[in-house]
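**Q** Please see the structure below; I have some questions.
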Amino acid sequence: MQAATLQLHAVRIALHGRVLIGALDAGVEPGECLTLMGPSGCGKSTLLNFLAGTLDPVFDAQGSIAIGGTDVTTLPPEQRGFGILFQDDLLFPHLSVGGNLAFALPAAVRPRALRQARIEAALGDAGLIGFADRDPATLSGGQRARVALMRTLLAAPRALLLDEPFNKLDAQLRDEFRDFVFRHARDFGLPTLMVTHDAADAQAAGGRILQLEQEQ
Amino acid sequence: MHLLRHAPLLTVTAFAGPVVAGLAGTLLPAFGVLPAIGGESLSLNGWRELLRFPGFATSLQLTVMTGWLATLLAVFITFAVAAVLHQRHAVRRLANLISPLLAIPHSALAIGFAFLIAPSGWIARLVSPGLSGWTLPPDVGSVGHPSGGALVACLLLKEVPYLLLMLLGALNQVPAKAHTDAARALGYTPALAFFKIVLPQVYPQMRLPILAVLAFSLSVVDVALILGPGNPPTLAVLAVRWFGDPDVRLYFQAAAAATLLLLLVLASIAAWLLLERFAARAGRRWVMRGGRRSGVPAFATLGSGVGAALFTMAAGAMLGMGVWSFAARWRFPQSLPPSFTLSNWERQFGDLQRPALTTLWVGFAATAIALGLTLACLENETGATRLQRRDAPSASLALLYIPLLVPQVAFLFGAQVLLIRFDLDATLAAVVWSHLSFVLPYLFLSLADPWRAFDSRYARTALSLGASRARVFWRIKLPILLKPILIACGVAFAVSVGLYLPTVFAGSGRVATLTTEAVTLSAGADRRVIGTWALLQAAFPFAAFLLAAWLPRLLYARRRGLA
């Protein structure tokens, strides 16, 4: 995973002529976390969808996104290199814990023994040694959240998007998982962009905070 | 209200009764037992005659090939279309586009399809003489080709929309969009995400519809009569032909053929379930390898292209029937009739009337009885408020599928013997009863989900306001669920209108509906005549669907939450 900078240039999103996100310029360095804060309905998720490439075509979006100097604005979501942590862990229920991780691991990682070793290492990192054959449904919320992060990281993303991923965890788990995520983002040198409405999330991220205004 | 407790038993008796009794009535003659015509003791003569029939091996092979090919292609095309479209907004419009196709009876579609692909059909006319150079219809046997190709193609026209609609419904029950987005963030294309992530989650809900398609394709009669090869025909047609023969001694080999078909369907279902296991195991390895690049999306695009072609063919088939029914004279290479007329309809009007009324009557009666039984069952299952949630019992659901999984020929003959015994054959009541076996499952399956999803807080609120359980049912539940109820009734009515074999058997060939007449005429009458019958036959269920869609809008024009 090479270090790369995430660049947003003059990003502007409007819906039916109403501007949701005014021209936004931002650069996020490897290992840095930029937090976008704002009340619900201010367009946080819309911006994240624009970055991920899953924006509904009814929105009118302009501006460009670049990772490590490569413009990804027109690429389909699967080629952009954004790893995303959603509000829900979205572990695939028909695959085992190990299967979810294997799904994320690039096919170039071969042979099978090496794949298994990578998966075991990721599980060890998440404190889940021996969990490869478990059904995701039997895991606790915190365990599932950690598997979801490992799955995202195994796909070797070039930047990380966090869509309020701590929202649904209870208070204590939340602190633990928050540290877990930010520590990994730093270790992997990933430029990270987080949207949240929770000031504690922003604080824990330890980076710059951009306040999004509610448009009238 | 405690009478409701008996509803499930009554319902099972109503739809499964004829099947079980009929199966017995077919199995016994297959082994020589049918006292009414002198079969007093067990014998294998029926089987011996069946095996000695010159076209037997060809017929068996044809049946297996067409049935499996139609099913495999239908499944593949359905998955391909879904893989390409499932993330697009067009998918909702797609459902609206294909549900009218489902309403069209199989036989009407088969007749229209024959008009399209026959040597003198519409396609040949469109390319003649300009592209093809034909000034006379070419001498090719497209309809009734010994390969059964036309039969397979026509089955696809109906089965792909059916499976697709089932799949679209199943997609709503899993977080398909969120999981696809997650897979895309991991580097997978939408089509690949569909096959690796979404499909394994919805497949369990597709299993029964697919098995129903398999059983149907192996045992279909009306479509095979119209489009399949004639000599030898498929096993199902062979059985029907012998059952209908004036020489009653042929009954034994007919019963043997029907029994063989039943065994063939059961073996095919078992084979499919086995195949499923292998596919699941191979699929899991495929998913675990983590490949992002694959030929699957291209394959899916190809498949959905075939799907689009099928849809065009179906639309062309219906349109062609309409054009023919209004054609004055239409000589071969002309692409369109030079002039249109109402005289075909005027001439047929007298003949159409009675069968049309019979069709309506039987359809209404079967639908009404099935609706009553279904509502009673569902109300018994969910209770007024569903305070204690019961899981949808999968065993009873499988039971509902029995009439759809068992070949019709395998139990209709037995049921007919039973009806003759009680002197009830050839009555409208007998026809309605035989229709119930098919109308009831479809109505139940269509209504069960919306009914179970009913927000019980409405009912609880009403109860707390002092309403009785009956009042809650009539004044709260029925009005709120009017739309799904009417849609389910539309489906049920369409099923009844399209039923061929049950009408022929229970009616002893003497109760004429639009479907039975259209199938009979398709053997050789003037296309302008067949066109009127098949078009009217298709128009009935279509009108029912329109009515079901339009009534709630009219009644609830000022209730935005319901319309």
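Going through the structure tokens in order, the chains are called A, B, and so on, while each chain numbers its residues from 1 and the ligands are numbered from 1 in the order shown.
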Identify every residue of chain A that has at least one atom within 10 Å of any atom of chain B, counting only C-alpha atoms, and report the result as an MDAnalysis selection string.

**A** chainID A and resid 49 52:54 56:57 76:86 88:95 98:112 115 151:157 161

**Q** Given the selection you just returned, output its residues as a file containing C-alpha atoms, formatted as a PDB file, in the first residue's frame.

**A**
```
ATOM      1  CA  ASN A  49     -21.830   8.808  -2.169  1.00  0.00           C
ATOM      2  CA  ALA A  52     -17.690   6.469  -3.579  1.00  0.00           C
ATOM      3  CA  GLY A  53     -19.294   6.777  -6.999  1.00  0.00           C
ATOM      4  CA  THR A  54     -22.759   5.683  -5.886  1.00  0.00           C
ATOM      5  CA  ASP A  56     -28.064   8.944  -7.372  1.00  0.00           C
ATOM      6  CA  PRO A  57     -28.136  10.550 -10.846  1.00  0.00           C
ATOM      7  CA  PRO A  76     -16.988   3.273 -11.522  1.00  0.00           C
ATOM      8  CA  PRO A  77     -17.096   2.637  -7.750  1.00  0.00           C
ATOM      9  CA  GLU A  78     -15.216  -0.650  -8.011  1.00  0.00           C
ATOM     10  CA  GLN A  79     -12.189   0.957  -9.648  1.00  0.00           C
ATOM     11  CA  ARG A  80     -11.791   3.975  -7.392  1.00  0.00           C
ATOM     12  CA  GLY A  81      -9.851   2.365  -4.579  1.00  0.00           C
ATOM     13  CA  PHE A  82     -11.980   3.742  -1.744  1.00  0.00           C
ATOM     14  CA  GLY A  83     -12.457   1.407   1.173  1.00  0.00           C
ATOM     15  CA  ILE A  84     -15.720   2.233   2.913  1.00  0.00           C
ATOM     16  CA  LEU A  85     -16.958   1.525   6.400  1.00  0.00           C
ATOM     17  CA  PHE A  86     -20.718   1.885   6.459  1.00  0.00           C
ATOM     18  CA  ASP A  88     -23.897  -1.214   9.271  1.00  0.00           C
ATOM     19  CA  ASP A  89     -21.142  -3.793   9.154  1.00  0.00           C
ATOM     20  CA  LEU A  90     -22.753  -5.401   6.045  1.00  0.00           C
ATOM     21  CA  LEU A  91     -21.018  -8.729   6.548  1.00  0.00           C
ATOM     22  CA  PHE A  92     -22.378 -11.077   3.893  1.00  0.00           C
ATOM     23  CA  PRO A  93     -24.610 -13.555   5.725  1.00  0.00           C
ATOM     24  CA  HIS A  94     -24.047 -16.463   3.308  1.00  0.00           C
ATOM     25  CA  LEU A  95     -20.282 -16.484   3.821  1.00  0.00           C
ATOM     26  CA  GLY A  98     -13.155 -16.173   6.741  1.00  0.00           C
ATOM     27  CA  GLY A  99     -15.215 -16.203   3.549  1.00  0.00           C
ATOM     28  CA  ASN A 100     -16.026 -12.522   3.962  1.00  0.00           C
ATOM     29  CA  LEU A 101     -12.317 -11.773   4.303  1.00  0.00           C
ATOM     30  CA  ALA A 102     -11.358 -14.038   1.380  1.00  0.00           C
ATOM     31  CA  PHE A 103     -13.913 -12.220  -0.767  1.00  0.00           C
ATOM     32  CA  ALA A 104     -12.072  -8.962  -0.096  1.00  0.00           C
ATOM     33  CA  LEU A 105      -8.544 -10.290  -0.575  1.00  0.00           C
ATOM     34  CA  PRO A 106      -7.369  -9.639  -4.169  1.00  0.00           C
ATOM     35  CA  ALA A 107      -7.195 -12.720  -6.390  1.00  0.00           C
ATOM     36  CA  ALA A 108      -3.522 -11.984  -7.062  1.00  0.00           C
ATOM     37  CA  VAL A 109      -2.753 -13.144  -3.518  1.00  0.00           C
ATOM     38  CA  ARG A 110      -1.996 -16.830  -4.168  1.00  0.00           C
ATOM     39  CA  PRO A 111      -1.672 -19.717  -3.526  1.00  0.00           C
ATOM     40  CA  ARG A 112      -4.358 -20.789  -1.121  1.00  0.00           C
ATOM     41  CA  ARG A 115      -4.496 -16.429   1.297  1.00  0.00           C
ATOM     42  CA  ARG A 151     -12.466  -6.876   5.214  1.00  0.00           C
ATOM     43  CA  THR A 152     -12.111  -3.293   4.001  1.00  0.00           C
ATOM     44  CA  LEU A 153      -8.360  -3.230   4.634  1.00  0.00           C
ATOM     45  CA  LEU A 154      -7.687  -6.625   2.994  1.00  0.00           C
ATOM     46  CA  ALA A 155      -8.968  -5.239  -0.305  1.00  0.00           C
ATOM     47  CA  ALA A 156      -5.944  -2.892  -0.265  1.00  0.00           C
ATOM     48  CA  PRO A 157      -7.765   0.432  -0.601  1.00  0.00           C
ATOM     49  CA  LEU A 161     -14.263   6.638   3.775  1.00  0.00           C
TER      50      LEU A 161
END
```

**Q** Neighbours of Ala185 (chain A) within 9 Å (only C-alpha atoms; same-chain residues fewer than 5 positions away dropped), as a PyMOL selection string?

**A** chain A and resi 30-33+153+159-160+180+190-192

**Q** Those same residues - N, CA and C atoms - I'd like them written as a short mmCIF file (atom, residue, chain, number, x, y, z; two decimals), in the first residue's frame.

**A**
```
data_model
loop_
_atom_site.label_atom_id
_atom_site.label_comp_id
_atom_site.auth_asym_id
_atom_site.auth_seq_id
_atom_site.Cartn_x
_atom_site.Cartn_y
_atom_site.Cartn_z
N PRO A 30 -1.70 11.10 3.58
CA PRO A 30 -1.68 9.71 4.05
C PRO A 30 -1.66 9.66 5.58
N GLY A 31 -2.53 8.85 6.15
CA GLY A 31 -2.56 8.70 7.59
C GLY A 31 -3.33 9.80 8.31
N GLU A 32 -3.74 10.81 7.56
CA GLU A 32 -4.50 11.90 8.17
C GLU A 32 -5.99 11.60 8.09
N CYS A 33 -6.77 12.14 9.05
CA CYS A 33 -8.22 11.98 8.97
C CYS A 33 -8.90 13.33 8.94
N LEU A 153 -9.81 -3.42 4.78
CA LEU A 153 -8.36 -3.23 4.63
C LEU A 153 -7.73 -4.30 3.74
N ALA A 159 -7.62 4.79 -0.13
CA ALA A 159 -8.14 5.82 0.78
C ALA A 159 -9.33 5.22 1.51
N LEU A 160 -9.68 5.83 2.65
CA LEU A 160 -10.73 5.25 3.47
C LEU A 160 -11.86 6.26 3.65
N PHE A 180 -9.46 1.59 17.31
CA PHE A 180 -9.04 0.50 16.44
C PHE A 180 -8.98 0.98 14.98
N LEU A 190 -3.41 5.50 5.29
CA LEU A 190 -4.54 5.79 4.41
C LEU A 190 -5.07 7.20 4.67
N PRO A 191 -5.23 8.01 3.62
CA PRO A 191 -5.96 9.25 3.80
C PRO A 191 -7.41 8.90 4.12
N THR A 192 -7.96 9.47 5.17
CA THR A 192 -9.28 9.05 5.64
C THR A 192 -10.22 10.24 5.70
#
```

**Q** Between CA of Leu114 (chain A) and CA of Arg134 (chain A), what is the distance in Å, rounded to a tenth?

**A**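 One can read the CA of Leu114 (chain A) to CA of Arg134 (chain A) distance as 20.1 Å.
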
**Q** Looking only at the backbone, which of the residues in chain A does DSSP tag as strand (DSSP E or B), as a ChimeraX atom specification?

**A** /A:6-15,18-28,33-37,59-67,70-71,82-85,159-163,192-196,209-211

**Q** Using DSSP secondary structure from the backbone, list all alpha helix (DSSP H) positions within region 391-535 of chain B, as a PDB file with C-alpha atoms, in the first residue's frame.

**A**
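Saved to states_26.pdb:
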```
ATOM      1  CA  SER B 394     -42.435 -23.756   5.286  1.00  0.00           C
ATOM      2  CA  ALA B 395     -43.987 -27.234   5.298  1.00  0.00           C
ATOM      3  CA  SER B 396     -47.414 -25.893   4.442  1.00  0.00           C
ATOM      4  CA  LEU B 397     -45.868 -23.664   1.814  1.00  0.00           C
ATOM      5  CA  ALA B 398     -44.310 -26.688   0.162  1.00  0.00           C
ATOM      6  CA  LEU B 399     -47.721 -28.364   0.298  1.00  0.00           C
ATOM      7  CA  LEU B 400     -49.120 -25.418  -1.641  1.00  0.00           C
ATOM      8  CA  ILE B 402     -47.767 -29.793  -4.833  1.00  0.00           C
ATOM      9  CA  PRO B 403     -50.252 -29.102  -7.634  1.00  0.00           C
ATOM     10  CA  LEU B 404     -47.544 -27.025  -9.327  1.00  0.00           C
ATOM     11  CA  LEU B 405     -44.866 -29.707  -8.970  1.00  0.00           C
ATOM     12  CA  GLN B 408     -51.209 -32.340 -14.473  1.00  0.00           C
ATOM     13  CA  VAL B 409     -51.756 -35.455 -16.609  1.00  0.00           C
ATOM     14  CA  ALA B 410     -50.630 -37.595 -13.698  1.00  0.00           C
ATOM     15  CA  PHE B 411     -53.626 -36.722 -11.535  1.00  0.00           C
ATOM     16  CA  LEU B 412     -56.279 -35.247 -13.799  1.00  0.00           C
ATOM     17  CA  PHE B 413     -57.207 -38.580 -15.350  1.00  0.00           C
ATOM     18  CA  GLY B 414     -57.647 -40.115 -11.903  1.00  0.00           C
ATOM     19  CA  ALA B 415     -59.712 -37.136 -10.823  1.00  0.00           C
ATOM     20  CA  GLN B 416     -61.858 -37.544 -13.907  1.00  0.00           C
ATOM     21  CA  VAL B 417     -62.487 -41.214 -13.121  1.00  0.00           C
ATOM     22  CA  LEU B 418     -63.592 -40.107  -9.674  1.00  0.00           C
ATOM     23  CA  LEU B 419     -65.910 -37.459 -11.107  1.00  0.00           C
ATOM     24  CA  ILE B 420     -67.475 -39.952 -13.498  1.00  0.00           C
ATOM     25  CA  ARG B 421     -68.058 -42.292 -10.580  1.00  0.00           C
ATOM     26  CA  LEU B 428     -69.283 -26.487 -14.324  1.00  0.00           C
ATOM     27  CA  ALA B 429     -68.871 -27.370 -10.651  1.00  0.00           C
ATOM     28  CA  ALA B 430     -66.370 -30.080 -11.560  1.00  0.00           C
ATOM     29  CA  VAL B 431     -64.399 -27.661 -13.708  1.00  0.00           C
ATOM     30  CA  VAL B 432     -64.341 -25.067 -10.915  1.00  0.00           C
ATOM     31  CA  TRP B 433     -63.161 -27.748  -8.491  1.00  0.00           C
ATOM     32  CA  SER B 434     -60.337 -28.817 -10.766  1.00  0.00           C
ATOM     33  CA  HIS B 435     -59.321 -25.192 -11.305  1.00  0.00           C
ATOM     34  CA  LEU B 436     -59.116 -24.660  -7.547  1.00  0.00           C
ATOM     35  CA  SER B 437     -56.030 -26.892  -7.339  1.00  0.00           C
ATOM     36  CA  PHE B 438     -54.108 -24.318  -9.353  1.00  0.00           C
ATOM     37  CA  VAL B 439     -55.919 -21.090  -8.541  1.00  0.00           C
ATOM     38  CA  LEU B 440     -55.614 -21.530  -4.800  1.00  0.00           C
ATOM     39  CA  PRO B 441     -51.816 -21.903  -4.609  1.00  0.00           C
ATOM     40  CA  TYR B 442     -51.221 -18.872  -6.801  1.00  0.00           C
ATOM     41  CA  LEU B 443     -53.714 -16.742  -4.905  1.00  0.00           C
ATOM     42  CA  PHE B 444     -52.286 -17.832  -1.574  1.00  0.00           C
ATOM     43  CA  LEU B 445     -48.667 -17.267  -2.604  1.00  0.00           C
ATOM     44  CA  SER B 446     -49.494 -13.856  -3.995  1.00  0.00           C
ATOM     45  CA  LEU B 447     -51.441 -12.676  -0.941  1.00  0.00           C
ATOM     46  CA  ALA B 448     -49.505 -14.282   1.918  1.00  0.00           C
ATOM     47  CA  ASP B 449     -46.567 -11.860   1.979  1.00  0.00           C
ATOM     48  CA  PRO B 450     -48.539  -8.601   1.965  1.00  0.00           C
ATOM     49  CA  TRP B 451     -50.947 -10.076   4.504  1.00  0.00           C
ATOM     50  CA  ARG B 452     -48.169 -11.116   6.865  1.00  0.00           C
ATOM     51  CA  SER B 456     -50.555  -5.076  13.312  1.00  0.00           C
ATOM     52  CA  ARG B 457     -50.628  -1.787  15.211  1.00  0.00           C
ATOM     53  CA  TYR B 458     -53.643  -0.752  13.115  1.00  0.00           C
ATOM     54  CA  ALA B 459     -55.531  -3.799  14.323  1.00  0.00           C
ATOM     55  CA  ARG B 460     -54.386  -3.352  17.904  1.00  0.00           C
ATOM     56  CA  THR B 461     -55.479   0.274  17.852  1.00  0.00           C
ATOM     57  CA  ALA B 462     -58.895  -0.703  16.534  1.00  0.00           C
ATOM     58  CA  LEU B 463     -59.278  -3.460  19.164  1.00  0.00           C
ATOM     59  CA  SER B 464     -58.352  -1.034  21.906  1.00  0.00           C
ATOM     60  CA  ARG B 469     -62.185  -9.054  15.832  1.00  0.00           C
ATOM     61  CA  ALA B 470     -64.665  -9.463  12.994  1.00  0.00           C
ATOM     62  CA  ARG B 471     -65.077  -5.721  12.736  1.00  0.00           C
ATOM     63  CA  LEU B 478     -59.683  -5.719   4.192  1.00  0.00           C
ATOM     64  CA  PRO B 479     -59.834  -2.052   3.155  1.00  0.00           C
ATOM     65  CA  ILE B 480     -56.139  -1.460   3.889  1.00  0.00           C
ATOM     66  CA  LEU B 482     -57.554  -4.124  -0.790  1.00  0.00           C
ATOM     67  CA  LYS B 483     -54.788  -3.542  -3.329  1.00  0.00           C
ATOM     68  CA  PRO B 484     -52.834  -6.786  -2.732  1.00  0.00           C
ATOM     69  CA  ILE B 485     -56.130  -8.679  -2.453  1.00  0.00           C
ATOM     70  CA  LEU B 486     -57.268  -7.453  -5.851  1.00  0.00           C
ATOM     71  CA  ILE B 487     -53.870  -8.176  -7.401  1.00  0.00           C
ATOM     72  CA  ALA B 488     -53.962 -11.709  -5.993  1.00  0.00           C
ATOM     73  CA  CYS B 489     -57.467 -12.125  -7.431  1.00  0.00           C
ATOM     74  CA  GLY B 490     -56.214 -10.882 -10.785  1.00  0.00           C
ATOM     75  CA  VAL B 491     -53.457 -13.498 -10.721  1.00  0.00           C
ATOM     76  CA  ALA B 492     -55.934 -16.209  -9.716  1.00  0.00           C
ATOM     77  CA  PHE B 493     -58.403 -15.268 -12.444  1.00  0.00           C
ATOM     78  CA  ALA B 494     -55.628 -15.221 -15.044  1.00  0.00           C
ATOM     79  CA  VAL B 495     -54.534 -18.696 -13.955  1.00  0.00           C
ATOM     80  CA  SER B 496     -58.087 -20.006 -14.267  1.00  0.00           C
ATOM     81  CA  VAL B 497     -58.608 -18.508 -17.718  1.00  0.00           C
ATOM     82  CA  GLY B 498     -55.401 -20.102 -18.987  1.00  0.00           C
ATOM     83  CA  LEU B 501     -55.952 -29.665 -19.326  1.00  0.00           C
ATOM     84  CA  PRO B 502     -57.982 -29.409 -16.078  1.00  0.00           C
ATOM     85  CA  THR B 503     -60.863 -27.952 -18.089  1.00  0.00           C
ATOM     86  CA  VAL B 504     -60.685 -30.700 -20.684  1.00  0.00           C
ATOM     87  CA  PHE B 505     -60.521 -33.519 -18.145  1.00  0.00           C
ATOM     88  CA  ALA B 506     -62.992 -32.302 -15.501  1.00  0.00           C
ATOM     89  CA  LEU B 514     -61.919 -19.743 -24.654  1.00  0.00           C
ATOM     90  CA  THR B 515     -58.727 -21.654 -23.890  1.00  0.00           C
ATOM     91  CA  THR B 516     -59.959 -25.118 -24.830  1.00  0.00           C
ATOM     92  CA  GLU B 517     -61.508 -23.773 -28.054  1.00  0.00           C
ATOM     93  CA  ALA B 518     -58.437 -21.755 -28.991  1.00  0.00           C
ATOM     94  CA  VAL B 519     -56.162 -24.781 -28.507  1.00  0.00           C
ATOM     95  CA  THR B 520     -58.489 -26.956 -30.579  1.00  0.00           C
ATOM     96  CA  LEU B 521     -58.727 -24.370 -33.358  1.00  0.00           C
ATOM     97  CA  ARG B 527     -55.484 -17.637 -38.687  1.00  0.00           C
ATOM     98  CA  ARG B 528     -58.041 -14.819 -38.685  1.00  0.00           C
ATOM     99  CA  VAL B 529     -60.405 -17.061 -36.736  1.00  0.00           C
ATOM    100  CA  ILE B 530     -57.751 -18.301 -34.283  1.00  0.00           C
ATOM    101  CA  GLY B 531     -56.625 -14.693 -33.870  1.00  0.00           C
ATOM    102  CA  THR B 532     -60.006 -13.622 -32.529  1.00  0.00           C
ATOM    103  CA  TRP B 533     -60.173 -16.494 -30.040  1.00  0.00           C
ATOM    104  CA  ALA B 534     -56.624 -16.174 -28.778  1.00  0.00           C
ATOM    105  CA  LEU B 535     -56.866 -12.397 -28.514  1.00  0.00           C
TER     106      LEU B 535
END
```

**Q** For CA of Leu274 (chain B) and CA of Ala256 (chain B), determine how far apart the two atoms are, in Å to one decimal place.

**A**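 Calculated distance between CA of Leu274 (chain B) and CA of Ala256 (chain B) is 26.7 Å.
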
**Q** What is the CA of Phe131 (chain A) to CA of Asp201 (chain A) distance in Å?

**A**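 Between CA of Phe131 (chain A) and CA of Asp201 (chain A) the gap is 28.6 Å.
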